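Text of structure-v5.csv (CSV, C-alpha atoms and all ligand atoms) as supplied:
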chain,number,residue,atom,x,y,z
A,979,MET,CA,3.5,-26.9,-32.3
A,980,GLU,CA,2.0,-23.8,-30.7
A,981,ASN,CA,-0.8,-22.1,-32.7
A,982,SER,CA,0.6,-18.6,-33.0
A,983,GLN,CA,-2.6,-17.1,-34.3
A,984,ILE,CA,-4.1,-17.2,-30.8
A,985,GLY,CA,-1.4,-15.0,-29.2
A,986,THR,CA,0.0,-15.6,-25.7
A,987,THR,CA,-2.6,-15.2,-23.0
A,988,LEU,CA,-1.6,-14.1,-19.5
A,989,THR,CA,-2.3,-17.6,-18.1
A,990,HIS,CA,-0.2,-19.2,-20.8
A,991,HIS,CA,2.7,-16.7,-20.2
A,992,VAL,CA,2.6,-17.2,-16.4
A,993,LEU,CA,2.7,-21.0,-16.8
A,994,LEU,CA,5.7,-20.7,-19.2
A,995,GLN,CA,7.4,-18.5,-16.6
A,996,GLN,CA,6.7,-21.1,-14.0
A,997,ARG,CA,8.1,-23.9,-16.1
A,998,GLN,CA,11.3,-21.9,-16.6
A,999,HIS,CA,11.4,-21.3,-12.8
A,1000,ALA,CA,11.0,-25.0,-12.2
A,1001,LYS,CA,13.9,-25.7,-14.6
A,1002,ARG,CA,16.0,-23.2,-12.7
A,1003,THR,CA,15.1,-24.3,-9.2
A,1004,GLY,CA,13.7,-27.8,-9.5
A,1005,GLU,CA,10.6,-26.6,-7.6
A,1006,GLN,CA,7.4,-27.8,-9.0
A,1007,PRO,CA,5.0,-24.8,-9.4
A,1008,ALA,CA,1.8,-25.3,-7.3
A,1009,GLY,CA,-0.1,-23.0,-9.7
A,1010,ASP,CA,-1.1,-20.7,-6.8
A,1011,PHE,CA,0.6,-17.6,-8.2
A,1012,SER,CA,-0.7,-18.0,-11.7
A,1013,GLU,CA,-4.2,-18.3,-10.3
A,1014,LEU,CA,-3.7,-15.3,-8.1
A,1015,LEU,CA,-2.4,-13.2,-11.1
A,1016,ASN,CA,-5.4,-14.3,-13.1
A,1017,GLN,CA,-7.7,-13.2,-10.4
A,1018,ILE,CA,-6.0,-9.7,-10.4
A,1019,ALA,CA,-6.5,-9.7,-14.2
A,1020,VAL,CA,-10.2,-10.5,-13.7
A,1021,ALA,CA,-10.5,-7.5,-11.4
A,1022,GLY,CA,-8.7,-5.4,-14.0
A,1023,LYS,CA,-11.2,-6.4,-16.7
A,1024,ILE,CA,-14.2,-5.6,-14.4
A,1025,ILE,CA,-12.7,-2.2,-13.4
A,1026,SER,CA,-11.8,-1.5,-17.1
A,1027,ALA,CA,-15.4,-2.0,-18.1
A,1028,GLU,CA,-16.7,0.3,-15.4
A,1029,VAL,CA,-14.0,3.0,-16.1
A,1030,ASN,CA,-14.9,3.0,-19.7
A,1031,MET,CA,-18.6,3.6,-18.7
A,1032,ALA,CA,-17.6,6.4,-16.3
A,1033,GLY,CA,-17.9,9.2,-18.9
A,1034,LEU,CA,-21.3,7.9,-19.9
A,1035,ALA,CA,-22.4,7.7,-16.3
A,1036,ASP,CA,-21.4,11.3,-15.9
A,1037,ILE,CA,-23.5,12.3,-18.9
A,1038,LEU,CA,-26.4,10.5,-17.3
A,1039,GLY,CA,-25.6,12.5,-14.1
A,1040,VAL,CA,-25.4,9.4,-12.0
A,1041,ALA,CA,-21.6,9.2,-11.2
A,1042,GLY,CA,-21.0,9.1,-7.5
A,1043,ARG,CA,-24.5,10.0,-6.6
A,1044,THR,CA,-28.0,8.4,-6.5
A,1045,ASN,CA,-29.0,7.5,-10.0
A,1046,VAL,CA,-32.4,8.0,-11.7
A,1047,GLN,CA,-33.6,4.6,-10.3
A,1048,GLY,CA,-32.8,5.9,-6.8
A,1049,GLU,CA,-29.8,3.5,-6.6
A,1050,GLU,CA,-26.6,4.5,-4.8
A,1051,VAL,CA,-24.0,4.6,-7.6
A,1052,MET,CA,-20.5,3.9,-6.2
A,1053,LYS,CA,-17.7,6.3,-6.8
A,1054,LEU,CA,-15.3,4.5,-9.2
A,1055,ASP,CA,-12.5,4.2,-6.7
A,1056,ASP,CA,-14.9,2.6,-4.2
A,1057,PHE,CA,-16.1,0.3,-6.9
A,1058,ALA,CA,-12.5,-0.6,-7.9
A,1059,ASN,CA,-11.6,-1.2,-4.2
A,1060,ASN,CA,-14.6,-3.4,-3.5
A,1061,THR,CA,-14.0,-5.4,-6.7
A,1062,ILE,CA,-10.4,-6.2,-5.9
A,1063,VAL,CA,-11.0,-6.9,-2.2
A,1064,GLU,CA,-13.9,-9.4,-3.0
A,1065,ILE,CA,-12.1,-11.1,-5.9
A,1066,LEU,CA,-8.9,-11.5,-3.8
A,1067,ARG,CA,-10.8,-12.7,-0.8
A,1068,ARG,CA,-12.5,-15.4,-2.7
A,1069,SER,CA,-9.3,-16.5,-4.5
A,1070,GLY,CA,-8.1,-18.5,-1.5
A,1071,HIS,CA,-4.5,-17.3,-2.2
A,1072,VAL,CA,-4.5,-14.2,0.0
A,1073,CYS,CA,-4.2,-14.0,3.8
A,1074,ILE,CA,-4.1,-10.2,4.2
A,1075,MET,CA,-4.4,-7.1,2.1
A,1076,THR,CA,-4.0,-3.3,2.4
A,1077,SER,CA,-5.7,-0.8,0.1
A,1078,GLU,CA,-5.2,2.9,-0.4
A,1079,GLU,CA,-8.9,3.2,0.2
A,1080,VAL,CA,-9.0,1.4,3.6
A,1081,ASP,CA,-7.3,2.6,6.7
A,1082,ASP,CA,-6.9,-0.8,8.4
A,1083,PRO,CA,-5.4,-4.1,7.1
A,1084,ILE,CA,-8.1,-6.3,5.4
A,1085,GLU,CA,-7.8,-9.8,6.8
A,1086,VAL,CA,-9.1,-12.8,5.0
A,1087,ARG,CA,-11.3,-14.9,7.4
A,1088,GLU,CA,-13.5,-17.9,7.1
A,1089,PRO,CA,-15.4,-19.1,5.0
A,1090,HIS,CA,-12.6,-18.0,2.7
A,1091,PHE,CA,-9.3,-19.7,3.0
A,1092,PRO,CA,-6.3,-17.5,4.0
A,1093,GLY,CA,-3.7,-18.2,1.3
A,1094,LYS,CA,0.0,-17.7,1.1
A,1095,TYR,CA,0.2,-14.1,-0.3
A,1096,ALA,CA,-0.1,-10.7,1.2
A,1097,ILE,CA,-1.2,-8.0,-1.3
A,1098,ALA,CA,-1.0,-4.2,-1.2
A,1099,PHE,CA,-2.8,-2.2,-3.8
A,1100,ASP,CA,-4.0,1.2,-5.0
A,1101,PRO,CA,-7.3,0.3,-6.6
A,1102,LEU,CA,-7.6,3.3,-8.8
A,1103,ASP,CA,-4.7,5.7,-8.7
A,1104,GLY,CA,-5.3,9.1,-10.3
A,1105,SER,CA,-9.1,8.7,-10.0
A,1106,SER,CA,-9.5,12.5,-9.9
A,1107,ASN,CA,-8.6,12.5,-13.6
A,1108,ILE,CA,-11.6,10.3,-14.6
A,1109,ASP,CA,-13.8,13.3,-15.3
A,1110,VAL,CA,-11.4,14.6,-17.9
A,1111,ASN,CA,-10.8,11.2,-19.5
A,1112,VAL,CA,-7.1,10.9,-18.5
A,1113,SER,CA,-5.6,7.4,-18.1
A,1114,ILE,CA,-5.7,6.0,-14.6
A,1115,GLY,CA,-4.5,2.7,-13.1
A,1116,THR,CA,-4.5,0.0,-10.5
A,1117,ILE,CA,-1.2,-0.8,-8.8
A,1118,PHE,CA,-0.5,-4.0,-7.0
A,1119,SER,CA,2.4,-5.7,-5.0
A,1120,ILE,CA,2.5,-9.3,-3.9
A,1121,HIS,CA,4.5,-10.6,-0.9
A,1122,ARG,CA,4.7,-14.3,0.0
A,1123,ARG,CA,3.4,-14.5,3.6
A,1124,ARG,CA,5.7,-15.4,6.5
A,1125,GLY,CA,3.2,-16.9,8.9
A,1126,GLU,CA,2.1,-20.6,8.8
A,1127,TYR,CA,0.0,-21.5,5.8
A,1128,GLY,CA,-3.7,-21.4,6.5
A,1129,SER,CA,-3.3,-19.1,9.6
A,1130,PRO,CA,-4.6,-15.5,9.5
A,1131,GLY,CA,-2.2,-13.0,7.9
A,1132,SER,CA,-0.8,-10.1,9.9
A,1133,GLU,CA,0.4,-6.5,9.2
A,1134,ALA,CA,4.0,-7.9,9.4
A,1135,ASP,CA,3.3,-9.8,6.2
A,1136,LEU,CA,2.8,-6.4,4.5
A,1137,LEU,CA,5.4,-4.2,6.2
A,1138,ARG,CA,8.3,-5.6,4.2
A,1139,PRO,CA,10.9,-4.1,1.9
A,1140,GLY,CA,10.0,-4.0,-1.8
A,1141,ALA,CA,13.2,-5.9,-2.5
A,1142,GLU,CA,11.4,-9.0,-0.9
A,1143,LEU,CA,8.4,-8.8,-3.3
A,1144,ALA,CA,7.3,-11.9,-5.1
A,1145,ALA,CA,5.7,-9.9,-7.9
A,1146,ALA,CA,4.4,-6.4,-8.7
A,1147,GLY,CA,2.6,-4.6,-11.5
A,1148,TYR,CA,-0.2,-2.4,-12.6
A,1149,VAL,CA,-3.2,-2.2,-14.9
A,1150,ILE,CA,-3.5,1.0,-16.9
A,1151,TYR,CA,-6.9,2.1,-18.2
A,1152,GLY,CA,-5.9,4.2,-21.2
A,1153,SER,CA,-6.3,4.1,-25.0
A,1154,SER,CA,-6.3,0.4,-24.3
A,1155,THR,CA,-6.3,-1.5,-21.0
A,1156,MET,CA,-2.9,-3.1,-20.3
A,1157,LEU,CA,-1.6,-5.3,-17.5
A,1158,VAL,CA,2.1,-5.0,-16.8
A,1159,TYR,CA,3.8,-7.3,-14.2
A,1160,THR,CA,7.1,-8.8,-13.2
A,1161,THR,CA,8.1,-11.7,-10.9
A,1162,GLY,CA,11.7,-10.6,-11.1
A,1163,HIS,CA,12.3,-12.4,-14.4
A,1164,GLY,CA,11.6,-9.6,-17.0
A,1165,VAL,CA,8.7,-7.1,-17.2
A,1166,HIS,CA,5.9,-8.2,-19.4
A,1167,GLY,CA,2.9,-6.2,-20.8
A,1168,PHE,CA,-0.4,-7.6,-21.9
A,1169,THR,CA,-3.1,-5.7,-23.8
A,1170,LEU,CA,-6.8,-6.5,-23.2
A,1171,ASP,CA,-8.7,-7.7,-26.2
A,1172,PRO,CA,-12.2,-6.7,-25.2
A,1173,SER,CA,-13.7,-8.8,-27.9
A,1174,VAL,CA,-12.6,-12.0,-26.2
A,1175,GLY,CA,-12.0,-10.7,-22.7
A,1176,GLU,CA,-8.3,-11.9,-22.6
A,1177,PHE,CA,-5.1,-10.1,-21.8
A,1178,LEU,CA,-2.7,-11.0,-24.7
A,1179,LEU,CA,1.1,-10.6,-24.6
A,1180,SER,CA,1.9,-7.4,-26.4
A,1181,HIS,CA,5.2,-6.2,-24.8
A,1182,GLU,CA,7.5,-9.1,-23.8
A,1183,ASN,CA,10.5,-8.3,-21.7
A,1184,ILE,CA,10.1,-4.5,-21.5
A,1185,ARG,CA,13.4,-2.7,-21.0
A,1186,ILE,CA,13.5,1.0,-20.2
A,1187,PRO,CA,15.3,2.7,-23.2
A,1188,GLU,CA,18.9,3.9,-22.6
A,1189,LYS,CA,18.1,7.5,-23.5
A,1190,CYS,CA,16.2,9.5,-20.8
A,1191,GLY,CA,14.6,12.1,-23.0
A,1192,THR,CA,11.8,13.2,-20.6
A,1193,TYR,CA,11.4,14.5,-17.1
A,1194,SER,CA,8.0,14.3,-15.5
A,1195,THR,CA,7.2,16.5,-12.4
A,1196,ASN,CA,4.6,19.0,-11.3
A,1197,GLU,CA,6.6,22.2,-11.6
A,1198,GLY,CA,3.7,24.0,-9.9
A,1199,ASN,CA,5.2,22.6,-6.7
A,1200,SER,CA,8.6,24.1,-7.3
A,1201,SER,CA,8.2,26.6,-4.4
A,1202,THR,CA,8.2,23.6,-2.1
A,1203,TRP,CA,11.3,22.0,-3.6
A,1204,THR,CA,14.7,21.8,-2.1
A,1205,ALA,CA,17.6,23.6,-3.7
A,1206,SER,CA,18.9,20.2,-5.0
A,1207,THR,CA,15.6,19.4,-6.7
A,1208,ARG,CA,15.5,22.9,-8.3
A,1209,HIS,CA,19.1,22.5,-9.4
A,1210,TYR,CA,18.4,19.0,-10.9
A,1211,VAL,CA,15.3,20.1,-12.8
A,1212,ASP,CA,17.0,23.2,-14.2
A,1213,ALA,CA,19.9,21.0,-15.4
A,1214,VAL,CA,17.8,18.3,-17.1
A,1215,LYS,CA,15.8,20.9,-19.0
A,1216,SER,CA,18.8,23.1,-20.0
A,1217,PRO,CA,19.7,23.0,-23.7
A,1218,GLY,CA,22.5,20.5,-24.4
A,1219,ASP,CA,23.3,17.1,-25.9
A,1220,GLY,CA,24.5,15.5,-22.7
A,1221,PRO,CA,22.7,12.3,-21.5
A,1222,LEU,CA,20.9,14.3,-18.8
A,1223,GLU,CA,20.3,17.6,-20.6
A,1224,GLY,CA,17.7,19.0,-23.1
A,1225,MET,CA,14.9,16.8,-21.8
A,1226,ARG,CA,11.3,17.5,-22.7
A,1227,SER,CA,8.7,17.9,-20.1
A,1228,ARG,CA,5.7,15.5,-19.9
A,1229,TYR,CA,3.4,15.5,-16.8
A,1230,ILE,CA,0.0,13.8,-16.9
A,1231,GLY,CA,-0.7,13.9,-13.1
A,1232,SER,CA,-1.6,10.3,-13.1
A,1233,LEU,CA,1.3,8.2,-11.6
A,1234,VAL,CA,0.6,5.0,-13.6
A,1235,ALA,CA,0.3,6.9,-16.9
A,1236,ASP,CA,3.5,9.0,-16.2
A,1237,PHE,CA,5.4,5.9,-15.1
A,1238,HIS,CA,4.2,3.7,-18.0
A,1239,ARG,CA,5.2,6.4,-20.6
A,1240,ASN,CA,8.7,6.6,-19.1
A,1241,LEU,CA,9.0,2.8,-19.0
A,1242,ILE,CA,8.2,2.5,-22.7
A,1243,LYS,CA,9.9,5.6,-24.0
A,1244,GLY,CA,12.5,6.4,-21.3
A,1245,GLY,CA,12.2,9.1,-18.7
A,1246,VAL,CA,12.5,10.1,-15.1
A,1247,PHE,CA,9.5,10.9,-12.8
A,1248,LEU,CA,9.9,13.0,-9.7
A,1249,TYR,CA,7.6,13.6,-6.8
A,1250,PRO,CA,10.3,14.9,-4.6
A,1251,ALA,CA,10.4,15.7,-0.9
A,1252,ASP,CA,8.8,18.9,0.4
A,1253,ALA,CA,11.7,21.1,1.6
A,1254,ALA,CA,9.8,22.1,4.7
A,1255,THR,CA,8.7,18.7,5.9
A,1256,GLY,CA,11.1,16.3,4.1
A,1257,LYS,CA,8.1,14.2,3.2
A,1258,GLY,CA,6.7,13.0,-0.1
A,1259,LYS,CA,3.1,12.6,-1.4
A,1260,LEU,CA,3.1,9.1,-2.8
A,1261,ARG,CA,2.6,5.9,-0.8
A,1262,LEU,CA,5.4,3.4,-0.3
A,1263,LEU,CA,3.5,0.1,-0.1
A,1264,TYR,CA,1.2,0.4,-3.0
A,1265,GLU,CA,2.6,3.0,-5.3
A,1266,ALA,CA,6.4,3.6,-4.9
A,1267,ALA,CA,7.5,0.0,-4.0
A,1268,PRO,CA,5.6,-1.9,-6.7
A,1269,LEU,CA,6.6,0.5,-9.4
A,1270,ALA,CA,10.2,0.5,-8.1
A,1271,PHE,CA,10.1,-3.3,-8.5
A,1272,VAL,CA,8.9,-3.1,-12.0
A,1273,ALA,CA,11.4,-0.3,-12.8
A,1274,LYS,CA,14.3,-2.4,-11.4
A,1275,HIS,CA,13.4,-5.5,-13.5
A,1276,ALA,CA,13.2,-3.3,-16.7
A,1277,GLY,CA,16.7,-1.9,-16.0
A,1278,GLY,CA,15.6,1.2,-14.2
A,1279,TYR,CA,15.8,2.4,-10.6
A,1280,ALA,CA,13.8,4.2,-7.9
A,1281,SER,CA,14.9,6.3,-5.0
A,1282,THR,CA,13.7,8.8,-2.4
A,1283,GLY,CA,16.8,10.8,-3.3
A,1284,TYR,CA,18.4,9.5,-0.2
A,1285,GLU,CA,17.9,5.8,-0.4
A,1286,SER,CA,16.7,3.0,-2.7
A,1287,ILE,CA,12.9,2.6,-2.5
A,1288,LEU,CA,13.2,-1.2,-2.6
A,1289,ASP,CA,15.5,-1.2,0.5
A,1290,MET,CA,13.1,0.8,2.7
A,1291,LYS,CA,11.4,-1.1,5.6
A,1292,PRO,CA,7.9,0.3,5.8
A,1293,SER,CA,7.0,1.6,9.3
A,1294,GLU,CA,3.2,1.8,8.6
A,1295,LEU,CA,0.8,0.8,5.8
A,1296,HIS,CA,0.0,4.2,4.4
A,1297,GLN,CA,3.5,5.7,4.7
A,1298,ARG,CA,4.4,8.4,2.2
A,1299,VAL,CA,7.8,8.8,0.5
A,1300,PRO,CA,9.5,11.1,-2.0
A,1301,LEU,CA,9.7,9.2,-5.4
A,1302,ILE,CA,12.3,9.6,-8.1
A,1303,ILE,CA,11.9,6.8,-10.6
A,1304,GLY,CA,12.9,5.9,-14.2
A,1305,ASN,CA,16.2,5.6,-16.0
A,1306,ARG,CA,18.8,4.5,-13.5
A,1307,ASP,CA,21.4,7.1,-14.6
A,1308,ALA,CA,18.9,9.9,-14.3
A,1309,VAL,CA,17.8,8.8,-10.8
A,1310,GLU,CA,21.4,8.3,-9.6
A,1311,ALA,CA,22.2,11.8,-10.9
A,1312,TYR,CA,19.4,13.1,-8.6
A,1313,GLU,CA,20.9,11.2,-5.7
A,1314,ARG,CA,24.2,12.9,-6.4
A,1315,SER,CA,22.5,16.3,-6.5
A,1316,VAL,CA,21.0,15.6,-3.1
A,1317,ALA,CA,24.3,14.4,-1.7
A,1318,ASP,CA,26.1,17.5,-3.1
A,1319,GLU,CA,23.6,19.8,-1.3
A,1320,LYS,CA,24.1,17.9,2.0
A,1321,SER,CA,27.9,18.2,1.7
A,1322,THR,CA,27.8,22.0,1.1
B,1401,LIG,P1,-0.2,16.4,-8.1
B,1401,LIG,C1,-3.0,11.3,-8.3
B,1401,LIG,O1,-3.8,12.1,-7.4
B,1401,LIG,C2,-1.7,11.0,-7.6
B,1401,LIG,O2,-1.8,10.3,-6.5
B,1401,LIG,C3,-0.7,10.3,-8.6
B,1401,LIG,O3,-1.4,9.5,-9.5
B,1401,LIG,C4,0.0,11.5,-9.3
B,1401,LIG,O4,1.3,11.1,-9.7
B,1401,LIG,C5,0.0,12.6,-8.2
B,1401,LIG,O5,-1.0,12.3,-7.3
B,1401,LIG,C6,-0.2,13.9,-8.8
B,1401,LIG,O6,-0.1,14.9,-7.7
B,1401,LIG,O7,0.2,17.1,-6.7
B,1401,LIG,O8,0.9,16.7,-9.1
B,1401,LIG,O9,-1.6,16.7,-8.5
Translate the structure described by the file into structure tokens.
Ligand code: P6P
Amino acid sequence: MENSQIGTTLTHHVLLQQRQHAKRTGEQPAGDFSELLNQIAVAGKIISAEVNMAGLADILGVAGRTNVQGEEVMKLDDFANNTIVEILRRSGHVCIMTSEEVDDPIEVREPHFPGKYAIAFDPLDGSSNIDVNVSIGTIFSIHRRRGEYGSPGSEADLLRPGAELAAAGYVIYGSSTMLVYTTGHGVHGFTLDPSVGEFLLSHENIRIPEKCGTYSTNEGNSSTWTASTRHYVDAVKSPGDGPLEGMRSRYIGSLVADFHRNLIKGGVFLYPADAATGKGKLRLLYEAAPLAFVAKHAGGYASTGYESILDMKPSELHQRVPLIIGNRDAVEAYERSVADEKST
């Protein structure tokens, strides 16, 4: 008889998921993934504690500079990056990583053991919002490596379509710290109880609501938009009771916060292509693809406007893409808007 007063910890939940996987497939879980996810959770807890101090650090005038003791105080995104790299390196479950903060791939070499996963992450997305106390987040994606177990990982282990991901998720540092992840069997949210230092299951099997009541985009960029983007945004905000009309606007300017709100309440986020260059701002490997994987398994969808984000084969680690993500019908309507423009 389970003791329900304890709540479901992340570790317990992952083990339950693995037992269900074992029943489905007959494969006995090795426990590697649950250990890896727990290490990501440890990094999230460490970063959360530092993020929550950031405001104080600023008051003391030490953020990002040399503090009163003459010590170099790391910028928070460097701190977050170093924390994740070191924890994953020591985990023994990662053979190679790529980070938004580091140009080259980060290989795991002796004395650490190169494990069977390849990780891409944005250690602290939206970090420019820290000084104004806006929610920010860590985004991660996990591929099972292709090379021989124990051999060094390679860039090829990372440059794979999001559809092949083993897992993806994010940690959002907001009014509370939450970890949201999926392995393809439901999207599950855990809220950090700082009094015990545990992530406890708070949002089991998240499904993006049917109604897409919100659009989220930086309308300050509208001069760079294509005609189809302008047409789409004008349509969704026009008065009306249609499923894709009369939407309210919400834009935080922090991808994880905007995505998480839409996941919980329904909505569509757009960082569309620049009409002049055809390029987007957000990164494929550690922003668009992991969030697209989460969106898919919560019943949503993500596209560049031209193709599914999860189908894209990355050409390089820090590749940028346009991103339209959220309620499936809202994203597909954007794709139709783009197709209509191409056909005229
Ligand atoms: P803009 C934050 O800098 C970020 O990378 C994402 O978190 C966010 O969605 C986007 O850029 C905001 O960009 O051009 O609207 O300020």
Please identify the residues whose atoms come within 10 Å of ligand LIG 1401 (chain B), using all atoms listed in the file, and report them as number ranges by chain. A: 1100, 1102-1107, 1113-1115, 1194-1199, 1229-1237, 1247-1249, 1259-1261, 1265, 1301
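Among the candidates A:Ala1144, A:Val1020, A:Ala1253, A:Ala1000, the residue lying nearest to A:Thr1061 is A:Val1020 (atoms considered: all atoms listed in the file).
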Near stretch 1117-1126 of chain A, within 6 Å and counting only C-alpha atoms, which residues show up once chain neighbours fewer than 5 positions away are dropped, as an NGL selection string? :A and (1094-1100 or 1135 or 1143-1148 or 1268)
Would you pick out the contacts of A:Thr989 at 12 Å or less, using only C-alpha atoms, so that residues sharing its chain but fewer than 6 positions from it are not included, and give the list as a VMD selection string? chain A and resid 995 to 996 1009 to 1020 1168 1176 to 1179
As a list in words, please: the residues near A:Val1029 (cut-off 10 Å, all atoms listed in the file, same-chain neighbours under 2 positions excluded).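 These residues fall inside the cut-off: Lys1023, Ile1024, Ile1025, Ser1026, Ala1027, Met1031, Ala1032, Gly1033, Leu1034, Ala1035, Leu1054, Asp1055, Phe1057, Ala1058, Leu1102, Ser1105, Ile1108, Asn1111, Ser1113, Ile1114, Gly1115, Tyr1151 and Gly1152 of chain A.
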Give me a file of those residues, with C-alpha atoms, as an mmCIF file, in the coordinates of the input.
data_model
loop_
_atom_site.group_PDB
_atom_site.id
_atom_site.type_symbol
_atom_site.label_atom_id
_atom_site.label_comp_id
_atom_site.auth_asym_id
_atom_site.auth_seq_id
_atom_site.Cartn_x
_atom_site.Cartn_y
_atom_site.Cartn_z
ATOM 1 C CA LYS A 1023 -11.200 -6.400 -16.700
ATOM 2 C CA ILE A 1024 -14.200 -5.600 -14.400
ATOM 3 C CA ILE A 1025 -12.700 -2.200 -13.400
ATOM 4 C CA SER A 1026 -11.800 -1.500 -17.100
ATOM 5 C CA ALA A 1027 -15.400 -2.000 -18.100
ATOM 6 C CA MET A 1031 -18.600 3.600 -18.700
ATOM 7 C CA ALA A 1032 -17.600 6.400 -16.300
ATOM 8 C CA GLY A 1033 -17.900 9.200 -18.900
ATOM 9 C CA LEU A 1034 -21.300 7.900 -19.900
ATOM 10 C CA ALA A 1035 -22.400 7.700 -16.300
ATOM 11 C CA LEU A 1054 -15.300 4.500 -9.200
ATOM 12 C CA ASP A 1055 -12.500 4.200 -6.700
ATOM 13 C CA PHE A 1057 -16.100 0.300 -6.900
ATOM 14 C CA ALA A 1058 -12.500 -0.600 -7.900
ATOM 15 C CA LEU A 1102 -7.600 3.300 -8.800
ATOM 16 C CA SER A 1105 -9.100 8.700 -10.000
ATOM 17 C CA ILE A 1108 -11.600 10.300 -14.600
ATOM 18 C CA ASN A 1111 -10.800 11.200 -19.500
ATOM 19 C CA SER A 1113 -5.600 7.400 -18.100
ATOM 20 C CA ILE A 1114 -5.700 6.000 -14.600
ATOM 21 C CA GLY A 1115 -4.500 2.700 -13.100
ATOM 22 C CA TYR A 1151 -6.900 2.100 -18.200
ATOM 23 C CA GLY A 1152 -5.900 4.200 -21.200
#
For A:Gly1022, the nearest of the candidates A:Gly985, A:Arg1138, A:Ile1062, A:Ile1242, counting all atoms listed in the file: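 The answer is A:Ile1062, which sits nearest to A:Gly1022.
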Distance of atom CA of A:Gly1131 from atom CA of A:Val1080, expressed in Å to one decimal place: 16.5 Å
Atomic separation - atom CA of A:Val1072 relative to atom CA of A:Pro1130, Å: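 Computed distance, atom CA of A:Pro1130 to atom CA of A:Val1072, equals 9.6 Å.
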As an exercise, work out the distance from atom CA of A:Leu1170 to atom CA of A:Glu1028 in Å and give it to one decimal place.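 That distance, rounded to one decimal, is 14.3 Å.
Using all atoms listed in the file, the nearest neighbour of A:Glu1182 within the list A:Ile1287, A:Tyr1279, A:Leu988, A:Val1214 is A:Leu988.
When only C-alpha atoms are used to compute distances to A:Pro1187, the closest of the residues A:Pro1101, A:Gly1167, A:Gly1278, A:Gly1218 turns out to be A:Gly1278.
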